[in-house]
file my_file36.txt (compact mmCIF, C-alpha atoms and all ligand atoms)
# COMPACT_ATOMS: atom_id res chain seq x y z
CA MET A 1 34.58 -59.97 -76.88
CA LYS A 2 35.61 -59.66 -73.22
CA LYS A 3 34.28 -62.26 -70.84
CA ILE A 4 33.20 -61.51 -67.26
CA VAL A 5 32.50 -64.41 -64.94
CA THR A 6 30.23 -63.39 -62.05
CA VAL A 7 30.32 -65.56 -58.93
CA LEU A 8 27.31 -65.27 -56.65
CA GLY A 9 25.29 -67.45 -54.32
CA ALA A 10 23.34 -65.58 -51.64
CA ARG A 11 20.05 -63.69 -51.61
CA PRO A 12 21.41 -60.12 -51.46
CA GLN A 13 23.81 -60.95 -54.30
CA PHE A 14 21.01 -61.96 -56.65
CA ILE A 15 19.30 -58.67 -55.90
CA LYS A 16 22.44 -56.58 -56.48
CA ALA A 17 23.39 -58.53 -59.61
CA SER A 18 19.96 -58.00 -61.16
CA VAL A 19 20.80 -54.41 -62.12
CA VAL A 20 24.49 -54.94 -62.88
CA SER A 21 23.87 -57.96 -65.13
CA ASP A 22 21.24 -55.92 -66.94
CA ALA A 23 23.73 -53.08 -67.45
CA LEU A 24 26.43 -55.51 -68.62
CA ALA A 25 24.01 -57.03 -71.14
CA ARG A 26 23.60 -53.54 -72.61
CA THR A 27 27.34 -52.93 -72.81
CA SER A 28 28.83 -53.75 -76.19
CA GLY A 29 31.86 -56.00 -76.37
CA VAL A 30 31.11 -57.68 -73.02
CA ARG A 31 29.70 -61.14 -72.27
CA GLU A 32 28.76 -62.19 -68.75
CA VAL A 33 28.77 -65.81 -67.55
CA VAL A 34 27.10 -66.33 -64.15
CA VAL A 35 28.19 -68.98 -61.63
CA HIS A 36 25.72 -69.76 -58.81
CA THR A 37 27.58 -71.43 -55.96
CA GLY A 38 24.39 -72.77 -54.37
CA GLN A 39 25.00 -71.09 -50.98
CA HIS A 40 21.30 -70.11 -50.93
CA PHE A 41 19.26 -72.66 -52.85
CA ASP A 42 15.60 -72.77 -51.71
CA ALA A 43 12.95 -71.52 -54.10
CA ASN A 44 12.23 -68.59 -51.76
CA MET A 45 15.91 -67.76 -51.08
CA SER A 46 17.09 -68.04 -54.69
CA ASP A 47 14.76 -68.90 -57.61
CA VAL A 48 12.17 -66.23 -56.79
CA PHE A 49 14.73 -63.45 -57.32
CA PHE A 50 15.77 -64.70 -60.75
CA THR A 51 12.13 -64.83 -61.80
CA GLU A 52 10.93 -61.56 -60.25
CA LEU A 53 13.96 -59.49 -61.19
CA GLY A 54 14.09 -60.81 -64.76
CA MET A 55 17.50 -62.50 -64.50
CA ALA A 56 18.80 -65.21 -66.83
CA GLN A 57 19.45 -68.62 -65.31
CA PRO A 58 23.11 -69.02 -64.24
CA ALA A 59 25.31 -70.89 -66.71
CA HIS A 60 26.91 -72.89 -63.88
CA GLN A 61 25.16 -74.26 -60.77
CA LEU A 62 27.64 -75.59 -58.23
CA ASP A 63 25.07 -76.71 -55.64
CA ILE A 64 27.38 -76.13 -52.66
CA HIS A 65 25.70 -75.30 -49.35
CA GLY A 66 25.77 -76.24 -45.70
CA GLY A 67 28.74 -77.34 -43.62
CA SER A 68 31.10 -75.13 -41.67
CA HIS A 69 32.51 -71.89 -43.09
CA GLY A 70 35.82 -73.55 -43.93
CA GLU A 71 34.19 -76.53 -45.58
CA MET A 72 31.75 -74.45 -47.61
CA THR A 73 34.37 -71.93 -48.74
CA GLY A 74 36.87 -74.68 -49.53
CA ARG A 75 34.43 -76.63 -51.68
CA MET A 76 33.49 -73.45 -53.51
CA LEU A 77 37.14 -72.62 -54.11
CA ILE A 78 37.72 -76.03 -55.73
CA GLU A 79 34.66 -75.85 -57.98
CA VAL A 80 34.95 -72.15 -58.93
CA GLU A 81 38.57 -72.72 -59.94
CA LYS A 82 37.46 -75.48 -62.33
CA VAL A 83 34.90 -73.15 -63.91
CA LEU A 84 37.46 -70.35 -64.29
CA LEU A 85 39.98 -72.69 -65.89
CA ALA A 86 37.33 -73.77 -68.40
CA GLU A 87 35.81 -70.32 -69.04
CA LYS A 88 39.08 -68.32 -69.08
CA PRO A 89 37.43 -64.98 -68.24
CA ASP A 90 39.07 -61.55 -68.49
CA VAL A 91 37.50 -60.44 -65.18
CA VAL A 92 35.80 -62.11 -62.21
CA LEU A 93 33.00 -60.07 -60.63
CA VAL A 94 31.89 -60.61 -57.02
CA TYR A 95 29.43 -58.92 -54.66
CA GLY A 96 29.32 -58.14 -50.96
CA ASP A 97 30.74 -60.28 -48.21
CA THR A 98 29.65 -63.92 -48.25
CA ASN A 99 31.64 -67.14 -48.55
CA SER A 100 30.76 -67.14 -52.27
CA THR A 101 32.39 -63.69 -52.57
CA LEU A 102 35.63 -64.79 -50.98
CA ALA A 103 35.78 -68.11 -52.86
CA GLY A 104 35.26 -66.33 -56.20
CA ALA A 105 37.87 -63.66 -55.48
CA LEU A 106 40.46 -66.11 -54.16
CA ALA A 107 40.07 -68.60 -56.99
CA ALA A 108 40.44 -65.78 -59.53
CA ALA A 109 43.39 -64.06 -57.87
CA LYS A 110 45.38 -67.31 -57.72
CA LEU A 111 44.81 -67.74 -61.45
CA HIS A 112 45.90 -64.11 -62.05
CA ILE A 113 42.45 -63.11 -63.25
CA PRO A 114 41.63 -59.53 -62.17
CA VAL A 115 38.79 -59.26 -59.63
CA ALA A 116 36.06 -56.60 -59.50
CA HIS A 117 34.29 -56.18 -56.14
CA VAL A 118 30.89 -54.52 -55.87
CA GLU A 119 30.12 -53.10 -52.41
CA ALA A 120 33.78 -52.73 -51.55
CA GLY A 121 35.17 -50.80 -48.58
CA LEU A 122 32.46 -51.50 -46.01
CA ARG A 123 33.74 -52.22 -42.53
CA SER A 124 32.15 -53.09 -39.20
CA PHE A 125 35.58 -53.28 -37.50
CA ASN A 126 34.33 -56.48 -35.87
CA MET A 127 36.54 -59.37 -36.93
CA ARG A 128 34.23 -61.88 -35.25
CA MET A 129 31.81 -61.38 -38.13
CA PRO A 130 32.38 -63.85 -40.99
CA GLU A 131 31.27 -61.06 -43.33
CA GLU A 132 34.05 -58.72 -42.13
CA ILE A 133 36.71 -61.35 -42.83
CA ASN A 134 35.27 -62.05 -46.28
CA ARG A 135 35.06 -58.40 -47.30
CA ILE A 136 38.54 -57.39 -46.10
CA LEU A 137 40.18 -60.30 -47.91
CA THR A 138 38.12 -59.74 -51.06
CA ASP A 139 39.00 -56.04 -51.14
CA ARG A 140 42.68 -56.92 -50.76
CA LEU A 141 42.46 -59.25 -53.77
CA SER A 142 40.50 -56.90 -56.03
CA ARG A 143 41.71 -54.77 -58.93
CA TRP A 144 38.51 -52.71 -59.14
CA LEU A 145 36.80 -51.67 -55.91
CA PHE A 146 33.31 -50.34 -56.60
CA VAL A 147 32.41 -48.39 -53.51
CA PRO A 148 28.95 -47.23 -52.37
CA THR A 149 29.65 -44.50 -49.79
CA ASP A 150 32.09 -41.82 -48.61
CA ALA A 151 32.77 -43.87 -45.48
CA ALA A 152 33.75 -46.89 -47.60
CA VAL A 153 36.20 -44.77 -49.65
CA GLY A 154 37.73 -43.54 -46.39
CA ASN A 155 38.11 -47.09 -45.07
CA LEU A 156 39.99 -48.24 -48.17
CA LEU A 157 42.29 -45.20 -48.30
CA HIS A 158 43.05 -45.76 -44.62
CA GLU A 159 44.05 -49.35 -45.44
CA GLY A 160 46.41 -48.12 -48.15
CA VAL A 161 44.41 -49.13 -51.23
CA PRO A 162 45.64 -47.00 -54.16
CA ARG A 163 43.14 -44.24 -55.07
CA GLY A 164 43.15 -45.37 -58.71
CA GLN A 165 41.63 -48.74 -57.81
CA ILE A 166 38.66 -47.18 -55.98
CA GLU A 167 35.60 -46.04 -57.90
CA GLN A 168 32.75 -44.50 -55.93
CA VAL A 169 29.72 -45.44 -57.99
CA GLY A 170 26.93 -45.31 -55.36
CA ASP A 171 24.94 -48.22 -54.03
CA VAL A 172 23.55 -50.79 -56.46
CA MET A 173 20.76 -51.51 -53.92
CA TYR A 174 19.53 -47.97 -54.53
CA ASP A 175 19.42 -48.71 -58.26
CA VAL A 176 17.35 -51.83 -57.52
CA ALA A 177 15.02 -49.93 -55.18
CA LEU A 178 14.38 -47.24 -57.81
CA HIS A 179 13.96 -49.74 -60.62
CA HIS A 180 11.87 -52.49 -58.98
CA GLY A 181 10.57 -50.75 -55.83
CA ALA A 182 8.41 -48.52 -57.99
CA ARG A 183 6.48 -51.64 -59.12
CA VAL A 184 4.93 -51.99 -55.64
CA THR A 185 1.51 -50.61 -54.63
CA PRO A 186 -0.46 -50.94 -51.37
CA GLU A 187 -3.72 -52.36 -52.73
CA THR A 188 -2.62 -55.84 -53.72
CA GLY A 189 -0.19 -58.60 -52.76
CA LEU A 190 0.87 -59.57 -49.30
CA LEU A 191 -0.33 -56.43 -47.52
CA ALA A 192 -3.87 -57.08 -48.73
CA ARG A 193 -3.64 -60.82 -47.96
CA LEU A 194 -2.53 -60.08 -44.40
CA GLY A 195 -5.24 -57.41 -44.05
CA LEU A 196 -2.73 -54.86 -42.76
CA GLY A 197 -3.15 -51.11 -42.93
CA GLY A 198 -0.32 -48.93 -44.22
CA LYS A 199 2.01 -47.58 -41.51
CA ARG A 200 0.31 -49.65 -38.82
CA TYR A 201 2.68 -52.58 -38.45
CA LEU A 202 6.29 -53.36 -37.70
CA LEU A 203 8.50 -55.42 -40.04
CA ALA A 204 11.31 -57.55 -38.58
CA THR A 205 14.15 -59.61 -40.10
CA VAL A 206 16.93 -61.44 -38.22
CA HIS A 207 19.64 -63.61 -39.75
CA ARG A 208 23.14 -62.52 -38.65
CA ALA A 209 25.13 -65.25 -36.91
CA GLU A 210 25.96 -62.89 -34.03
CA ASN A 211 22.21 -62.93 -33.19
CA THR A 212 21.03 -66.36 -34.33
CA ASP A 213 23.96 -68.24 -32.80
CA ASP A 214 23.79 -66.47 -29.43
CA PRO A 215 20.84 -67.82 -27.41
CA VAL A 216 20.79 -64.80 -25.08
CA ARG A 217 20.55 -62.33 -27.95
CA LEU A 218 18.05 -64.37 -29.94
CA ARG A 219 15.84 -64.86 -26.90
CA ALA A 220 16.00 -61.10 -26.14
CA ILE A 221 14.89 -60.33 -29.70
CA ALA A 222 12.10 -62.93 -29.62
CA ASP A 223 10.79 -61.69 -26.26
CA ALA A 224 10.89 -58.06 -27.37
CA MET A 225 9.04 -58.82 -30.60
CA ALA A 226 6.41 -60.81 -28.71
CA ARG A 227 5.95 -57.88 -26.34
CA VAL A 228 5.69 -55.30 -29.15
CA GLY A 229 3.28 -57.67 -30.90
CA GLU A 230 0.78 -57.12 -28.08
CA THR A 231 0.36 -53.48 -29.14
CA MET A 232 0.86 -53.55 -32.91
CA PRO A 233 1.05 -56.21 -35.63
CA VAL A 234 4.56 -57.54 -36.24
CA VAL A 235 5.41 -59.16 -39.58
CA TRP A 236 8.53 -61.33 -39.44
CA PRO A 237 9.62 -63.04 -42.67
CA MET A 238 11.96 -65.54 -41.13
CA HIS A 239 15.32 -66.64 -42.52
CA PRO A 240 15.55 -70.48 -42.59
CA ARG A 241 18.48 -70.46 -40.14
CA THR A 242 16.56 -68.34 -37.63
CA THR A 243 13.48 -70.55 -37.96
CA ALA A 244 15.50 -73.70 -37.31
CA ILE A 245 17.26 -72.25 -34.25
CA LEU A 246 14.09 -70.77 -32.72
CA GLU A 247 12.38 -74.10 -33.22
CA GLY A 248 15.28 -75.85 -31.47
CA MET A 249 14.93 -73.37 -28.58
CA GLY A 250 11.21 -74.17 -28.32
CA GLN A 251 10.33 -70.54 -29.14
CA LEU A 252 8.92 -70.77 -32.64
CA GLN A 253 5.35 -71.76 -31.87
CA ARG A 254 5.02 -69.10 -29.17
CA LEU A 255 6.05 -66.45 -31.72
CA ARG A 256 3.73 -67.87 -34.38
CA ASP A 257 0.85 -67.51 -31.93
CA VAL A 258 1.32 -63.75 -31.49
CA LEU A 259 3.16 -62.52 -34.60
CA ASN A 260 2.89 -62.85 -38.37
CA VAL A 261 5.82 -65.25 -38.79
CA LEU A 262 6.23 -65.83 -42.54
CA PRO A 263 8.63 -67.77 -44.75
CA PRO A 264 11.27 -65.65 -46.54
CA LEU A 265 9.59 -63.27 -49.00
CA GLY A 266 10.30 -62.57 -52.63
CA TYR A 267 11.75 -59.15 -53.36
CA LEU A 268 8.50 -57.48 -54.41
CA ASP A 269 6.56 -58.70 -51.36
CA MET A 270 9.48 -57.65 -49.18
CA VAL A 271 9.65 -54.16 -50.63
CA GLN A 272 5.89 -53.79 -50.24
CA MET A 273 6.15 -54.75 -46.57
CA GLU A 274 9.04 -52.31 -46.12
CA LYS A 275 7.35 -49.42 -47.90
CA TYR A 276 4.19 -49.47 -45.80
CA ALA A 277 5.73 -50.39 -42.42
CA ALA A 278 5.63 -47.98 -39.47
CA LEU A 279 9.06 -49.21 -38.42
CA ILE A 280 11.63 -51.80 -39.48
CA VAL A 281 13.66 -53.85 -37.01
CA THR A 282 16.53 -55.77 -38.60
CA ASP A 283 20.10 -57.01 -38.51
CA SER A 284 20.31 -57.08 -42.31
CA GLY A 285 22.61 -54.71 -44.15
CA GLY A 286 20.36 -54.40 -47.18
CA VAL A 287 17.18 -53.92 -45.18
CA GLN A 288 18.71 -51.02 -43.20
CA LYS A 289 19.16 -49.14 -46.44
CA GLU A 290 15.83 -50.14 -47.94
CA ALA A 291 14.13 -48.74 -44.82
CA PHE A 292 15.79 -45.42 -45.60
CA PHE A 293 14.87 -45.60 -49.30
CA CYS A 294 11.25 -46.04 -48.19
CA GLY A 295 11.46 -43.22 -45.61
CA VAL A 296 10.80 -45.69 -42.76
CA PRO A 297 12.71 -45.45 -39.45
CA CYS A 298 14.89 -48.43 -38.61
CA VAL A 299 16.19 -50.09 -35.45
CA THR A 300 19.26 -52.23 -36.12
CA LEU A 301 19.85 -55.17 -33.80
CA ARG A 302 23.62 -54.98 -33.81
CA ASP A 303 26.56 -53.50 -31.91
CA GLU A 304 27.75 -51.63 -34.99
CA THR A 305 26.85 -51.06 -38.63
CA GLU A 306 28.69 -50.60 -41.90
CA TRP A 307 26.05 -48.06 -42.97
CA VAL A 308 27.10 -45.37 -40.49
CA GLU A 309 25.68 -42.49 -42.53
CA LEU A 310 22.11 -43.57 -41.71
CA VAL A 311 22.83 -43.54 -37.98
CA ASP A 312 24.42 -40.07 -38.35
CA ALA A 313 21.38 -38.82 -40.26
CA GLY A 314 18.95 -40.14 -37.63
CA TRP A 315 17.20 -42.74 -39.84
CA ASN A 316 18.71 -45.72 -38.06
CA ARG A 317 19.50 -46.48 -34.44
CA LEU A 318 21.59 -49.33 -33.11
CA VAL A 319 20.61 -51.48 -30.18
CA THR A 320 22.63 -54.34 -28.78
CA PRO A 321 20.05 -57.07 -28.18
CA GLY A 322 21.37 -57.94 -24.73
CA ASN A 323 17.91 -58.05 -23.15
CA ALA A 324 14.28 -57.70 -24.21
CA ASP A 325 13.75 -54.41 -22.34
CA ASP A 326 16.47 -52.61 -24.31
CA VAL A 327 15.11 -53.85 -27.64
CA ALA A 328 11.47 -53.07 -26.83
CA GLN A 329 12.41 -49.61 -25.57
CA ALA A 330 14.46 -48.83 -28.69
CA VAL A 331 11.58 -49.98 -30.90
CA LEU A 332 8.94 -47.90 -29.12
CA GLY A 333 11.32 -44.91 -29.01
CA ALA A 334 11.94 -45.04 -32.75
CA LEU A 335 8.27 -45.22 -33.79
CA GLY A 336 7.30 -42.03 -35.62
CA SER A 337 10.88 -40.71 -35.84
CA ARG A 338 12.42 -39.34 -39.03
CA GLY A 339 15.96 -38.57 -40.08
CA LYS A 340 17.57 -35.77 -42.05
CA ASP A 341 17.16 -35.35 -45.79
CA VAL A 342 20.43 -36.90 -47.02
CA ARG A 343 21.48 -38.69 -50.24
CA PRO A 344 24.49 -40.83 -49.38
CA TYR A 345 23.98 -43.64 -51.93
CA GLY A 346 24.48 -41.94 -55.28
CA ASP A 347 22.01 -41.23 -58.03
CA GLY A 348 20.68 -44.69 -58.86
CA LYS A 349 23.19 -45.22 -61.68
CA ALA A 350 25.76 -47.37 -59.90
CA ALA A 351 25.16 -50.40 -62.12
CA VAL A 352 25.65 -48.42 -65.33
CA ALA A 353 28.90 -46.95 -63.98
CA ILE A 354 30.20 -50.42 -63.04
CA ALA A 355 29.35 -51.83 -66.48
CA ALA A 356 30.99 -48.85 -68.18
CA THR A 357 34.23 -49.32 -66.26
CA LEU A 358 34.34 -53.08 -66.81
CA GLY A 359 33.35 -52.70 -70.45
CA ALA A 360 36.13 -50.18 -71.06
CA GLN A 361 38.87 -51.99 -69.16
CA ALA A 362 38.05 -55.66 -69.32
N1 LIG B 401 14.88 -59.79 -48.58
C1 LIG B 401 13.87 -60.43 -49.27
N2 LIG B 401 13.03 -61.26 -48.58
C2 LIG B 401 13.13 -61.47 -47.23
C3 LIG B 401 14.18 -60.80 -46.54
C4 LIG B 401 15.05 -59.98 -47.24
O1 LIG B 401 13.72 -60.25 -50.49
O2 LIG B 401 12.34 -62.23 -46.66
C5 LIG B 401 15.76 -58.90 -49.33
C6 LIG B 401 15.82 -57.49 -48.80
O3 LIG B 401 14.76 -56.73 -49.33
C7 LIG B 401 17.17 -57.02 -49.26
C8 LIG B 401 18.00 -58.29 -49.21
O4 LIG B 401 17.09 -59.38 -49.20
O5 LIG B 401 17.11 -56.57 -50.60
C9 LIG B 401 18.86 -58.32 -47.98
O6 LIG B 401 19.41 -59.57 -47.84
P1 LIG B 401 19.84 -60.21 -46.46
O7 LIG B 401 19.11 -59.55 -45.36
O8 LIG B 401 19.70 -61.68 -46.62
O9 LIG B 401 21.41 -59.94 -46.40
P2 LIG B 401 22.32 -58.68 -46.04
O10 LIG B 401 21.78 -57.48 -46.74
O11 LIG B 401 22.32 -58.54 -44.55
O12 LIG B 401 23.67 -59.07 -46.55
call {"tool": "encode", "arguments": {"input": "my_file36.txt", "output": "structure tokens"}}
result
Amino acid sequence: MKKIVTVLGARPQFIKASVVSDALARTSGVREVVVHTGQHFDANMSDVFFTELGMAQPAHQLDIHGGSHGEMTGRMLIEVEKVLLAEKPDVVLVYGDTNSTLAGALAAAKLHIPVAHVEAGLRSFNMRMPEEINRILTDRLSRWLFVPTDAAVGNLLHEGVPRGQIEQVGDVMYDVALHHGARVTPETGLLARLGLGGKRYLLATVHRAENTDDPVRLRAIADAMARVGETMPVVWPMHPRTTAILEGMGQLQRLRDVLNVLPPLGYLDMVQMEKYAALIVTDSGGVQKEAFFCGVPCVTLRDETEWVELVDAGWNRLVTPGNADDVAQAVLGALGSRGKDVRPYGDGKAAVAIAATLGAQA
């Protein structure tokens, strides 16, 4: 029996792991042991995904969150190493680009345990992003690089990663969208509770440090959303970090007065809100793609994106949130737009392909 230790800790990782863990459970000769670092820990940032997406409780809960990047990553490195020494896995599996990803990969590599990285090869070419640092280092440490897109393959080849280590499997988020997104209908749930009509509201999410930690950008986004909210309903499930910072800026109550500011949503509520939105405004990587899966145009509040194929196809447009006018104009300009009929994220079988490779080679 080959043992795979999965290290995860943040919301998008629970969502991605839901389909891969399921595929691993169906692969003979493989046993997965999950380590939850604790990076995201609230009921609505963590527990809800395990329940809704039918995931087993992690075998190890490290309960590490808060502090600076260095402190958080360092504490994770110490505790993950202890788990790996005790579990002695054949492979360590990590997802995406968070501090949990890097800590898992680094702890494993130093113990000479081969690393598998899901969502490898993505680049923003912006080294000020903590995510960019985490993903470049994790890719460098990985034996198996499971890549979602053509652009990601190109990035890795350009960096000199041997072709044999790269496997283009498609995007696991597409697997999740096909598998769980189909469970969502318009008649019930949050849409009904909010009394919103399909395709008549805008959905917003904001959590990237480059926006939340820059008062000019965050204020521009808040002002633009408040302005758009005068003409159409805006639903904004707010990340805890964004809520805390807007509150500190004295902006939260003003937004609550004119917008539907909600706590973070579970996956099924979130997908329902995405599916029936007229437009999505976000700085999230996952939400950019889910907008496309739902056929909803997207405005991305960033200077660049890793998901370039959606900008090329016309589904997504980038706006630097330097001032409220630019953001509001981009939002109004994108309403009613559609992109080209493209299929850049595989065939919805990424998780099965990952499990097959790890099962065969672990
Ligand atoms: N998501 C969610 N509830 C929310 C906001 C996001 O379930 O209130 C989901 C979203 O549908 C997507 C994932 O979280 O599947 C994206 O995670 P996030 O935006 O935190 O991170 P990123 O994708 O930018 O790494």
call {"tool": "atom_distance", "arguments": {"input": "my_file36.txt", "atom1": "atom CA of A:Thr212", "atom2": "atom CA of A:Cys298"}}
result
19.4 Å
call {"tool": "closest_residue", "arguments": {"input": "my_file36.txt", "among": "A:Glu247, A:Asp341, A:Glu274, A:Glu187", "to": "A:Trp315", "atoms": "all atoms listed in the file"}}
result
A:Asp341
call {"tool": "axis_aligned_box", "arguments": {"input": "my_file36.txt", "around": "stretch 14-26 of chain A", "padding_each_side": "3 Å", "output": "AutoDock Vina command-line options"}}
result
--center_x 22.9 --center_y -57.5 --center_z -64.3 --size_x 13.1 --size_y 14.9 --size_z 22.7
call {"tool": "closest_residue", "arguments": {"input": "my_file36.txt", "among": "A:Val331, A:Val92, A:Val176, A:Val258", "to": "ligand LIG 401 (chain B)", "atoms": "all atoms listed in the file"}}
result
A:Val176
call {"tool": "residues_around", "arguments": {"input": "my_file36.txt", "residues": "A:Val147", "least_positions_apart": "2", "cutoff": "9 Å", "atoms": "all atoms listed in the file", "output": "PyMOL selection string"}}
result
chain A and resi 117-122+145+149-150+152-153+166-171
call {"tool": "residues_near_ligand", "arguments": {"input": "my_file36.txt", "ligand": "ligand LIG 401 (chain B)", "cutoff": "7 Å", "atoms": "all atoms listed in the file", "output": "ChimeraX atom specification"}}
result
/A:11-12,15,205,207,237-239,263-267,270-271,283-287,290
call {"tool": "atom_distance", "arguments": {"input": "my_file36.txt", "atom1": "atom CA of A:Ala209", "atom2": "atom CA of A:Met127"}}
result
12.8 Å
call {"tool": "closest_residue", "arguments": {"input": "my_file36.txt", "among": "A:Leu191, A:Val115, A:Met173, A:Leu157", "to": "A:Gln13", "atoms": "only C-alpha atoms"}}
result
A:Met173
call {"tool": "closest_residue", "arguments": {"input": "my_file36.txt", "among": "A:Val327, A:Glu132, A:Val7, A:Leu141", "to": "A:Val80", "atoms": "all atoms listed in the file"}}
result
A:Val7
call {"tool": "closest_atom_pairs", "arguments": {"input": "my_file36.txt", "of": "stretch 5-113 of chain A", "to": "stretch 346-362 of chain A", "cutoff": "6 Å", "atoms": "only C-alpha atoms", "output": "tab-separated table"}}
result
residue	atom	partner	partner_atom	distance
A:Val19	CA	A:Ala351	CA	5.9
A:Val20	CA	A:Ala351	CA	4.7
A:Ala23	CA	A:Val352	CA	5.5
A:Leu24	CA	A:Ala355	CA	5.2
call {"tool": "write_last_selection", "arguments": {"input": "my_file36.txt", "atoms": "C-alpha atoms", "output": "mmCIF file, keeping the file's coordinate frame"}}
result
data_model
loop_
_atom_site.group_PDB
_atom_site.id
_atom_site.type_symbol
_atom_site.label_atom_id
_atom_site.label_comp_id
_atom_site.auth_asym_id
_atom_site.auth_seq_id
_atom_site.Cartn_x
_atom_site.Cartn_y
_atom_site.Cartn_z
ATOM 1 C CA VAL A 19 20.800 -54.410 -62.120
ATOM 2 C CA VAL A 20 24.490 -54.940 -62.880
ATOM 3 C CA ALA A 23 23.730 -53.080 -67.450
ATOM 4 C CA LEU A 24 26.430 -55.510 -68.620
#
call {"tool": "atom_distance", "arguments": {"input": "my_file36.txt", "atom1": "atom CA of A:Ile221", "atom2": "atom CA of A:Asp257"}}
result
15.9 Å
call {"tool": "closest_residue", "arguments": {"input": "my_file36.txt", "among": "A:Lys2, A:Arg254, A:His180, A:Lys275", "to": "A:Leu202", "atoms": "only C-alpha atoms"}}
result
A:Lys275
call {"tool": "closest_residue", "arguments": {"input": "my_file36.txt", "among": "A:Pro344, A:Gly229, A:Gly295, A:Gly314", "to": "A:Ala328", "atoms": "all atoms listed in the file"}}
result
A:Gly229
call {"tool": "residues_near_point", "arguments": {"input": "my_file36.txt", "point": "(46.0, -52.0, -46.8)", "cutoff": "12 Å", "atoms": "all atoms listed in the file", "output": "JSON list (two decimals) with C-alpha atoms, in the coordinates of the input"}}
result
[["chain", "number", "residue", "atom", "x", "y", "z"],
["A", 121, "GLY", "CA", 35.17, -50.80, -48.58],
["A", 136, "ILE", "CA", 38.54, -57.39, -46.10],
["A", 137, "LEU", "CA", 40.18, -60.30, -47.91],
["A", 138, "THR", "CA", 38.12, -59.74, -51.06],
["A", 139, "ASP", "CA", 39.00, -56.04, -51.14],
["A", 140, "ARG", "CA", 42.68, -56.92, -50.76],
["A", 141, "LEU", "CA", 42.46, -59.25, -53.77],
["A", 142, "SER", "CA", 40.50, -56.90, -56.03],
["A", 154, "GLY", "CA", 37.73, -43.54, -46.39],
["A", 155, "ASN", "CA", 38.11, -47.09, -45.07],
["A", 156, "LEU", "CA", 39.99, -48.24, -48.17],
["A", 157, "LEU", "CA", 42.29, -45.20, -48.30],
["A", 158, "HIS", "CA", 43.05, -45.76, -44.62],
["A", 159, "GLU", "CA", 44.05, -49.35, -45.44],
["A", 160, "GLY", "CA", 46.41, -48.12, -48.15],
["A", 161, "VAL", "CA", 44.41, -49.13, -51.23],
["A", 162, "PRO", "CA", 45.64, -47.00, -54.16],
["A", 163, "ARG", "CA", 43.14, -44.24, -55.07]]
call {"tool": "residues_around", "arguments": {"input": "my_file36.txt", "residues": "A:Thr300", "least_positions_apart": "5", "cutoff": "12 Å", "atoms": "all atoms listed in the file", "output": "tab-separated table (two decimals) with C-alpha atoms, keeping the file's coordinate frame"}}
result
chain	number	residue	atom	x	y	z
A	203	LEU	CA	8.50	-55.42	-40.04
A	204	ALA	CA	11.31	-57.55	-38.58
A	205	THR	CA	14.15	-59.61	-40.10
A	206	VAL	CA	16.93	-61.44	-38.22
A	207	HIS	CA	19.64	-63.61	-39.75
A	208	ARG	CA	23.14	-62.52	-38.65
A	211	ASN	CA	22.21	-62.93	-33.19
A	221	ILE	CA	14.89	-60.33	-29.70
A	279	LEU	CA	9.06	-49.21	-38.42
A	280	ILE	CA	11.63	-51.80	-39.48
A	281	VAL	CA	13.66	-53.85	-37.01
A	282	THR	CA	16.53	-55.77	-38.60
A	283	ASP	CA	20.10	-57.01	-38.51
A	284	SER	CA	20.31	-57.08	-42.31
A	285	GLY	CA	22.61	-54.71	-44.15
A	286	GLY	CA	20.36	-54.40	-47.18
A	287	VAL	CA	17.18	-53.92	-45.18
A	288	GLN	CA	18.71	-51.02	-43.20
A	289	LYS	CA	19.16	-49.14	-46.44
A	291	ALA	CA	14.13	-48.74	-44.82
A	305	THR	CA	26.85	-51.06	-38.63
A	306	GLU	CA	28.69	-50.60	-41.90
A	307	TRP	CA	26.05	-48.06	-42.97
A	308	VAL	CA	27.10	-45.37	-40.49
A	310	LEU	CA	22.11	-43.57	-41.71
A	311	VAL	CA	22.83	-43.54	-37.98
A	315	TRP	CA	17.20	-42.74	-39.84
A	316	ASN	CA	18.71	-45.72	-38.06
A	317	ARG	CA	19.50	-46.48	-34.44
A	318	LEU	CA	21.59	-49.33	-33.11
A	319	VAL	CA	20.61	-51.48	-30.18
A	320	THR	CA	22.63	-54.34	-28.78
A	321	PRO	CA	20.05	-57.07	-28.18
A	327	VAL	CA	15.11	-53.85	-27.64
A	330	ALA	CA	14.46	-48.83	-28.69
A	331	VAL	CA	11.58	-49.98	-30.90
A	334	ALA	CA	11.94	-45.04	-32.75
call {"tool": "residues_around", "arguments": {"input": "my_file36.txt", "residues": "A:Thr185", "least_positions_apart": "3", "cutoff": "10 Å", "atoms": "all atoms listed in the file", "output": "MDAnalysis selection string"}}
result
chainID A and resid 181:182 188:189 191 268 271:272 275:276
call {"tool": "residues_around", "arguments": {"input": "my_file36.txt", "residues": "A:Ala56", "least_positions_apart": "2", "cutoff": "12 Å", "atoms": "all atoms listed in the file", "output": "MDAnalysis selection string"}}
result
chainID A and resid 14 17:19 21:22 25 32:36 47 49:54 58:60
call {"tool": "residues_around", "arguments": {"input": "my_file36.txt", "residues": "A:Glu71", "least_positions_apart": "5", "cutoff": "12 Å", "atoms": "all atoms listed in the file", "output": "compact mmCIF listing (two decimals) with C-alpha atoms, in the frame of the given file"}}
result
# COMPACT_ATOMS: atom_id res chain seq x y z
CA GLN A 39 25.00 -71.09 -50.98
CA ILE A 64 27.38 -76.13 -52.66
CA HIS A 65 25.70 -75.30 -49.35
CA GLY A 66 25.77 -76.24 -45.70
CA MET A 76 33.49 -73.45 -53.51
CA LEU A 77 37.14 -72.62 -54.11
CA ILE A 78 37.72 -76.03 -55.73
CA ASN A 99 31.64 -67.14 -48.55
CA ALA A 103 35.78 -68.11 -52.86
